[in-house]
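Asker: Dropping in final38.cif, with mmCIF, C-alpha atoms.
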```cif
data_my_file
#
loop_
_atom_site.label_atom_id
_atom_site.label_comp_id
_atom_site.auth_asym_id
_atom_site.auth_seq_id
_atom_site.Cartn_x
_atom_site.Cartn_y
_atom_site.Cartn_z
CA MET A 1 224.78 27.78 138.41
CA GLY A 2 226.23 26.23 141.58
CA PHE A 3 226.20 27.37 145.19
CA PHE A 4 229.51 29.26 145.06
CA ASP A 5 228.85 30.85 141.67
CA SER A 6 225.40 32.04 142.76
CA LEU A 7 226.89 33.88 145.74
CA MET A 8 229.73 35.35 143.69
CA ASN A 9 227.28 36.49 141.02
CA VAL A 10 225.61 38.98 143.37
CA HIS A 11 226.40 42.56 142.34
CA ILE A 12 226.20 45.93 144.05
CA THR A 13 223.17 47.87 142.83
CA ASP A 14 221.53 51.22 143.57
CA MET A 15 218.69 49.55 145.45
CA SER A 16 217.85 50.61 148.99
CA ILE A 17 219.51 48.83 151.90
CA LYS A 18 216.21 47.10 152.68
CA SER A 19 215.89 45.82 149.11
CA GLU A 20 219.51 44.70 148.98
CA PHE A 21 219.15 42.91 152.30
CA SER A 22 215.94 41.11 151.32
CA ASN A 23 217.37 40.08 147.95
CA ARG A 24 220.58 38.67 149.43
CA LEU A 25 218.77 36.94 152.27
CA GLU A 26 216.49 35.24 149.75
CA ILE A 27 219.53 34.08 147.75
CA LEU A 28 221.23 32.68 150.86
CA ILE A 29 218.11 30.82 152.00
CA ARG A 30 217.72 29.31 148.54
CA GLU A 31 221.36 28.39 148.00
CA PHE A 32 221.68 26.82 151.46
CA GLY A 33 218.56 24.78 150.77
CA LEU A 34 216.82 26.09 153.90
CA GLN A 35 213.19 26.38 154.82
CA LYS A 36 212.37 29.76 156.34
CA LYS A 37 211.11 28.03 159.48
CA GLN A 38 214.54 26.34 159.85
CA LEU A 39 216.32 29.69 159.77
CA ALA A 40 213.72 31.17 162.14
CA LYS A 41 214.45 28.41 164.66
CA GLU A 42 218.20 29.04 164.42
CA LEU A 43 217.73 32.78 164.99
CA GLY A 44 215.02 32.54 167.65
CA VAL A 45 212.45 34.50 165.63
CA SER A 46 209.19 33.55 163.95
CA ALA A 47 208.93 32.14 160.43
CA VAL A 48 206.64 35.08 159.65
CA ALA A 49 209.46 37.48 160.57
CA ILE A 50 211.86 35.70 158.19
CA THR A 51 209.28 35.90 155.40
CA LYS A 52 208.90 39.65 155.97
CA TYR A 53 212.68 40.15 155.93
CA ALA A 54 213.03 38.15 152.68
CA LYS A 55 210.19 40.05 150.99
CA GLY A 56 211.51 43.45 152.07
CA LEU A 57 208.48 44.21 154.23
CA SER A 58 210.57 44.89 157.33
CA MET A 59 214.18 45.10 158.50
CA PRO A 60 215.50 43.10 161.43
CA SER A 61 217.42 44.60 164.33
CA PHE A 62 221.19 44.86 164.04
CA GLU A 63 221.50 41.91 166.43
CA ILE A 64 219.43 39.74 164.11
CA ILE A 65 221.33 40.95 161.04
CA SER A 66 224.56 40.00 162.79
CA ALA A 67 223.13 36.59 163.71
CA ILE A 68 222.06 35.99 160.09
CA ALA A 69 225.57 36.86 158.89
CA ASP A 70 227.06 34.46 161.47
CA TYR A 71 224.73 31.65 160.46
CA PHE A 72 225.55 31.90 156.75
CA ASN A 73 229.24 32.72 157.41
CA VAL A 74 228.97 35.91 155.36
CA THR A 75 229.76 39.49 156.32
CA VAL A 76 227.25 42.07 157.49
CA ASP A 77 228.53 44.36 154.70
CA PHE A 78 227.50 41.73 152.16
CA LEU A 79 224.01 41.42 153.63
CA LEU A 80 223.54 45.19 153.50
CA GLY A 81 224.75 45.48 149.89
CA ARG A 82 227.97 47.33 150.69
CA THR A 83 230.19 44.71 149.03
CA ALA A 84 229.75 42.00 146.41
CA ILE A 85 232.20 39.66 148.19
CA PRO A 86 230.15 37.42 150.50
CA PHE A 87 232.82 36.14 152.87
CA LEU A 88 236.23 36.80 154.38
CA GLU A 89 239.21 35.91 152.18
CA LYS A 90 240.40 33.20 154.58
CA ASP A 91 236.98 31.48 154.40
CA PHE A 92 237.14 31.00 150.62
CA VAL A 93 237.90 27.25 150.69
CA TYR A 94 234.92 26.54 152.96
CA PHE A 95 232.66 27.90 150.23
CA ARG A 96 234.63 26.42 147.32
CA PRO A 97 236.36 23.31 148.71
CA ILE A 98 237.25 21.88 145.29
CA GLY A 99 238.76 24.04 142.59
CA LYS A 100 241.79 24.92 140.50
CA ILE A 101 244.72 27.29 141.01
CA ASN A 102 246.81 28.91 138.31
CA TYR A 103 250.51 28.82 139.17
CA SER A 104 253.66 30.35 137.75
CA PHE A 105 257.19 29.85 139.11
CA TYR A 106 260.62 30.66 137.73
CA ILE A 107 263.38 28.22 138.61
CA TYR A 108 266.93 27.38 137.59
CA ASN A 109 266.85 23.80 136.35
CA LYS A 110 269.57 21.15 136.54
CA GLU A 111 271.32 22.71 133.53
CA GLN A 112 271.29 26.05 135.40
CA GLU A 113 268.96 27.50 132.80
CA LYS A 114 266.06 29.70 133.78
CA GLU A 115 262.78 27.83 133.34
CA LYS A 116 259.18 28.89 133.84
CA LEU A 117 256.81 26.40 135.45
CA GLU A 118 253.21 27.31 134.83
CA GLY A 119 249.86 25.60 134.64
CA THR A 120 246.75 24.81 136.64
CA LEU A 121 246.73 22.69 139.79
CA GLU A 122 243.64 21.20 141.41
CA TYR A 123 243.09 21.57 145.16
CA ILE A 124 240.70 19.71 147.47
CA PHE A 125 239.81 21.04 150.92
CA GLY A 126 237.78 18.92 153.28
CA LEU A 127 237.22 17.04 156.51
CA THR A 128 238.45 13.54 157.30
CA VAL A 129 235.19 11.59 157.04
CA TRP A 130 236.05 7.89 157.29
CA ASN A 131 232.65 6.22 157.22
CA MET A 132 229.55 7.51 155.46
CA GLU A 133 227.33 5.54 157.84
CA LEU A 134 228.65 7.19 161.02
CA PRO A 135 227.35 10.54 162.36
CA LYS A 136 229.47 13.32 160.95
CA ASP A 137 230.64 15.54 163.81
CA GLU A 138 232.30 18.58 162.24
CA VAL A 139 234.22 19.23 165.48
CA ALA A 140 235.89 15.81 165.70
CA LEU A 141 236.96 15.73 162.05
CA ASN A 142 240.37 17.03 161.00
CA GLN A 143 240.76 19.48 158.13
CA PHE A 144 242.91 18.59 155.14
CA LEU A 145 244.13 20.47 152.11
CA CYS A 146 245.26 18.40 149.14
CA PHE A 147 247.12 19.50 146.03
CA LYS A 148 246.38 17.16 143.13
CA PHE A 149 248.97 16.74 140.39
CA SER A 150 247.39 15.49 137.18
CA LYS A 151 249.21 13.43 134.53
CA THR A 152 249.77 16.52 132.40
CA ASP A 153 253.39 17.36 131.58
CA SER A 154 253.12 20.73 133.37
CA ASN A 155 251.85 19.19 136.63
CA GLN A 156 254.39 16.36 136.55
CA ARG A 157 257.23 18.82 135.91
CA LEU A 158 256.09 20.87 138.92
CA TYR A 159 255.95 17.69 141.05
CA GLU A 160 259.45 16.73 139.94
CA ALA A 161 260.87 20.18 140.72
CA LEU A 162 259.29 20.14 144.18
CA PHE A 163 259.82 16.61 145.43
CA LEU A 164 262.52 14.95 143.34
CA THR A 165 265.10 17.49 142.20
CA ASP A 166 264.80 20.40 144.69
CA GLU A 167 264.63 22.91 141.86
CA LEU A 168 261.67 24.62 143.57
CA ASN A 169 261.53 25.11 147.33
CA VAL A 170 258.44 23.40 148.78
CA ARG A 171 257.96 26.07 151.41
CA GLU A 172 257.97 28.77 148.73
CA PHE A 173 255.37 26.79 146.79
CA LEU A 174 253.12 26.41 149.87
CA PHE A 175 253.27 30.11 150.73
CA GLU A 176 252.27 30.94 147.16
CA MET A 177 249.33 28.52 147.39
CA GLU A 178 248.33 30.10 150.71
CA LYS A 179 248.37 33.54 149.11
CA VAL A 180 246.28 32.45 146.13
CA LEU A 181 243.69 30.61 148.24
CA GLY A 182 243.63 33.20 151.03
CA PHE A 183 243.55 30.27 153.45
CA PRO A 184 246.13 30.69 156.28
CA PHE A 185 247.19 27.04 156.52
CA MET A 186 250.85 28.00 156.98
CA ASN A 187 250.23 29.84 160.24
CA GLU A 188 252.07 28.60 163.29
CA TYR A 189 250.04 26.72 165.90
CA ALA A 190 248.97 29.29 168.49
CA GLY A 191 247.28 27.09 171.10
CA PRO A 192 244.01 25.15 171.25
CA MET A 193 241.79 28.20 171.85
CA SER A 194 243.28 30.40 169.13
CA ILE A 195 241.16 30.98 166.05
CA GLU A 196 244.35 30.92 163.94
CA SER A 197 244.96 27.33 165.03
CA GLN A 198 241.50 26.32 163.83
CA TYR A 199 242.43 27.21 160.25
CA LEU A 200 245.37 24.81 160.15
CA ALA A 201 245.03 21.72 157.97
CA ASN A 202 246.83 18.47 157.25
CA LEU A 203 248.59 18.81 153.89
CA LEU A 204 248.31 16.06 151.29
CA ILE A 205 249.89 15.53 147.89
CA TRP A 206 247.99 13.49 145.30
CA ASN A 207 249.83 12.45 142.17
CA GLU A 208 247.69 10.77 139.50
CA ASP A 209 250.89 9.31 138.03
CA SER A 210 251.78 7.84 141.47
CA ILE A 211 253.93 9.11 144.32
CA LYS A 212 257.54 8.74 143.30
CA PRO A 213 259.88 7.06 145.82
CA PRO A 214 262.66 9.16 147.33
CA LEU A 215 265.85 9.17 145.25
CA GLY A 216 267.94 6.08 145.97
CA SER A 217 265.00 4.14 147.45
CA LEU A 218 263.67 0.82 146.30
CA PRO A 219 260.87 0.94 143.73
CA ILE A 220 257.29 0.70 144.93
CA LYS A 221 255.71 -2.75 144.56
CA GLU A 222 252.17 -1.36 144.37
CA PRO A 223 251.57 2.22 143.18
CA GLN A 224 250.61 4.78 145.82
CA TYR A 225 248.94 8.03 144.86
CA LEU A 226 248.49 10.05 148.06
CA ALA A 227 251.06 11.18 150.60
CA THR A 228 251.06 13.35 153.70
CA LEU A 229 253.21 16.47 153.45
CA LEU A 230 254.65 17.79 156.69
CA GLU A 231 255.11 21.55 156.69
CA PRO A 232 258.80 22.03 155.86
CA ILE A 233 261.18 24.33 157.66
CA SER A 234 263.15 26.91 155.68
CA ASN A 235 265.29 25.43 152.88
CA GLU A 236 264.43 21.87 153.92
CA LYS A 237 264.62 19.28 151.14
CA VAL A 238 261.29 17.46 151.08
CA ARG A 239 260.91 13.81 150.19
CA LEU A 240 257.42 12.32 150.26
CA ASN A 241 257.35 9.08 152.23
CA TYR A 242 255.41 6.63 150.09
CA VAL A 243 255.42 3.99 152.87
CA SER A 244 252.77 5.83 154.90
CA THR A 245 250.48 6.95 152.11
CA SER A 246 247.75 4.30 152.16
CA GLY A 247 245.94 5.60 155.25
CA ALA A 248 245.06 8.93 153.64
CA MET A 249 243.12 7.62 150.63
CA PRO A 250 239.99 6.24 152.40
CA HIS A 251 238.90 9.59 153.83
CA MET A 252 239.68 11.33 150.53
CA THR A 253 237.53 8.80 148.65
CA THR A 254 234.72 9.18 151.17
CA TRP A 255 234.85 12.97 151.04
CA LEU A 256 234.67 13.03 147.25
CA ALA A 257 231.80 10.51 147.27
CA MET A 258 229.67 12.90 149.33
CA SER A 259 227.28 15.24 147.54
CA GLU A 260 228.10 18.93 147.19
CA ASP A 261 225.28 19.71 149.64
CA GLU A 262 226.66 17.27 152.23
CA ARG A 263 230.13 18.74 151.98
CA ARG A 264 228.78 22.29 152.20
CA ASP A 265 226.68 21.48 155.25
CA LEU A 266 229.65 20.03 157.14
CA LEU A 267 232.00 22.86 156.21
CA MET A 268 229.49 25.58 157.05
CA ARG A 269 228.85 23.99 160.44
CA ARG A 270 232.59 23.75 161.03
CA LEU A 271 233.20 27.40 160.08
CA ARG A 272 230.22 28.56 162.14
CA ARG A 273 231.60 26.80 165.20
CA ILE A 274 235.09 28.23 164.66
CA LYS A 275 233.78 31.78 164.55
CA ARG A 276 231.51 31.28 167.55
CA ASN A 277 233.86 29.43 169.88
CA TYR A 278 237.32 30.82 169.11
CA LYS A 279 238.85 34.28 169.17
#
```
Rewrite the coordinates I just gave you, this time as structure tokens.
Answerer:
Amino acid sequence: MGFFDSLMNVHITDMSIKSEFSNRLEILIREFGLQKKQLAKELGVSAVAITKYAKGLSMPSFEIISAIADYFNVTVDFLLGRTAIPFLEKDFVYFRPIGKINYSFYIYNKEQEKEKLEGTLEYIFGLTVWNMELPKDEVALNQFLCFKFSKTDSNQRLYEALFLTDELNVREFLFEMEKVLGFPFMNEYAGPMSIESQYLANLLIWNEDSIKPPLGSLPIKEPQYLATLLEPISNEKVRLNYVSTSGAMPHMTTWLAMSEDERRDLLMRRLRRIKRNYK
């Protein structure tokens, strides 16, 4: 069972608050791969105190409980056993940066017949790490959110409807993806110190069958698979520019080459800093 699944597998029980807290703290310490002395240092308490909390021998002050929740990016309600959901909805992709989304859209196709587009689309959320050998500063790295279209007929039909034939409005598609993920990447920029602005991400489209050139353009000499998607305005027809796609692939390749623990560490640090420094 992986990191995300372990957290989501925690259930509400009839145990006391102290028992619930100690059980969930122990799970978090284990799943984050922490030593108790590491957490103690972060919280400014002794390793002995952390051991007592995790074994249910004592309860920390509310200030420490709040600090523990902040460190693990979970809610206080989760720590106290009042909910089985560990984190806020908008933080979902930080805990599960790679996953799949079920989609279903009704469109009128070129023959003006009603058609249902449905299937499963992969998403990848991450930070733009360019070089594995360089220090990874979670503040300096940009966030990206990529939608990956596989070679399946259902994914290629969705791609066609979005970017080649205008049968499905791209903005409508993005708002639906935002709703499913709970990640507010479609918010308007609200200034450098706004917490809403910190959740924005560069949008990418990955097509395993290659990015198709805009209608009427010359064919591509060498296949390109990744393109940047600018957030469209209402009813705008979107054409992916295959000329500027090559720069996006190196950081995607590097991100995917990292271990799950490395990606989690960077994302948790990023989310922790967002919550601490922005309002």
Asker: Can you tell me how far atom CA of Pro97 of chain A sits from atom CA of Ile64 of chain A, in Å to one decimal?
Answerer: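 Result for atom CA of Pro97 of chain A versus atom CA of Ile64 of chain A: 28.2 Å, one decimal.
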Asker: Could you expand the PyMOL selection byres ((chain A and resi 26-31) around 8) into the explicit residues it covers here, written as a list in words?
Answerer: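 Expected selection for the PyMOL selection byres ((chain A and resi 26-31) around 8) here is Phe3, Ser6, Leu7, Ser22, Asn23, Arg24, Leu25, Phe32, Gly33, Leu34, Gln35, Lys36, Ala54 and Phe72 of chain A.
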Asker: What would the file look like if the residues just selected were written as a short mmCIF file (atom, residue, chain, number, x, y, z; two decimals), in the frame of the given file with C-alpha atoms?
Answerer:
```cif
data_model
loop_
_atom_site.label_atom_id
_atom_site.label_comp_id
_atom_site.auth_asym_id
_atom_site.auth_seq_id
_atom_site.Cartn_x
_atom_site.Cartn_y
_atom_site.Cartn_z
CA PHE A 3 226.20 27.37 145.19
CA SER A 6 225.40 32.04 142.76
CA LEU A 7 226.89 33.88 145.74
CA SER A 22 215.94 41.11 151.32
CA ASN A 23 217.37 40.08 147.95
CA ARG A 24 220.58 38.67 149.43
CA LEU A 25 218.77 36.94 152.27
CA PHE A 32 221.68 26.82 151.46
CA GLY A 33 218.56 24.78 150.77
CA LEU A 34 216.82 26.09 153.90
CA GLN A 35 213.19 26.38 154.82
CA LYS A 36 212.37 29.76 156.34
CA ALA A 54 213.03 38.15 152.68
CA PHE A 72 225.55 31.90 156.75
#
```
Asker: I'd like to see the residues matched by the PyMOL selection byres ((chain A and resi 200-211) around 6) on this file, and ideally I'd get them as a list of chain:residue names.
Answerer: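 Applying the PyMOL selection byres ((chain A and resi 200-211) around 6) to the structure shown produces A:Gln143, A:Phe144, A:Leu145, A:Cys146, A:Phe147, A:Lys148, A:Phe149, A:Ser150, A:Lys151, A:Phe185, A:Ser197, A:Gln198, A:Tyr199, A:Lys212, A:Pro223, A:Gln224, A:Tyr225, A:Leu226, A:Ala227, A:Thr228, A:Leu229.
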Asker: Work out how far atom CA of Thr128 of chain A is from atom CA of His251 of chain A, in Å to one decimal.
Answerer: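 Between atom CA of His251 of chain A and atom CA of Thr128 of chain A the gap works out to 5.3 Å.
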Asker: What would the selection look like, as an NGL selection string, if the PyMOL selection byres ((chain A and resi 56) around 9) were run on the coordinates I just shared?
Answerer: :A and (18-23 or 51-55 or 57-59)
Asker: Would you please work out which residue, of A:Arg82, A:Lys114, A:Lys90, A:Arg96, is nearest to Asp261 of chain A when using only C-alpha atoms?
Answerer: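 The answer is A:Arg96, which sits nearest to Asp261 of chain A.
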Asker: Would you compute the distance between atom CA of Pro184 of chain A and atom CA of Asp91 of chain A? Give it in Å to one decimal.
Answerer: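 Calculated distance between atom CA of Pro184 of chain A and atom CA of Asp91 of chain A is 9.4 Å.
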Asker: From the list A:His11, A:Tyr278, A:Tyr108, A:Ile65, which residue is nearest Ala84 of chain A when using all atoms listed in the file?
Answerer: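 Ranked by minimum distance to Ala84 of chain A, first place goes to A:His11.
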Asker: For segment 22-33 of chain A, what centre and edge lengths in Å (one decimal) does the axis-aligned box get once 6 Å is added on each side of all its listed atoms, as JSON?
Answerer:
```
{"center_x": 218.8, "center_y": 32.9, "center_z": 150.0, "size_x": 17.7, "size_y": 28.3, "size_z": 16.5}
```
Asker: Which is closest to Gly99 of chain A among A:Asn9, A:Glu222, A:Arg273, A:Thr120, if we use all atoms listed in the file?
Answerer: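 Using all atoms listed in the file, Gly99 of chain A sits closest to A:Thr120.
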Asker: Let me make sure I understand: among A:Leu267, A:Thr75, A:Ile274, A:Val45, which one has the smallest atom-to-atom distance to Ser61 of chain A if we use only C-alpha atoms?
Answerer: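 Among the listed residues, A:Val45 lies closest to Ser61 of chain A.
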Asker: May I ask which of the residues A:Ala69, A:Ile50, A:Leu271, A:Leu39 is the closest one to Gly126 of chain A, counting all atoms listed in the file?
Answerer: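 Of A:Ala69, A:Ile50, A:Leu271, A:Leu39, the one nearest Gly126 of chain A, counting all atoms listed in the file, is A:Leu271.
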Asker: Could you name the residues that touch segment 163-169 of chain A at 8 Å or less, counting only C-alpha atoms, but leaving out those on the same chain fewer than 5 positions away, as a list in words?
Answerer: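 Contacts, in chain order: Ile107, Tyr108, Asn109, Lys110, Lys212, Pro214, Leu215, Asn235, Glu236, Lys237, Val238, Arg239 and Leu240 of chain A.
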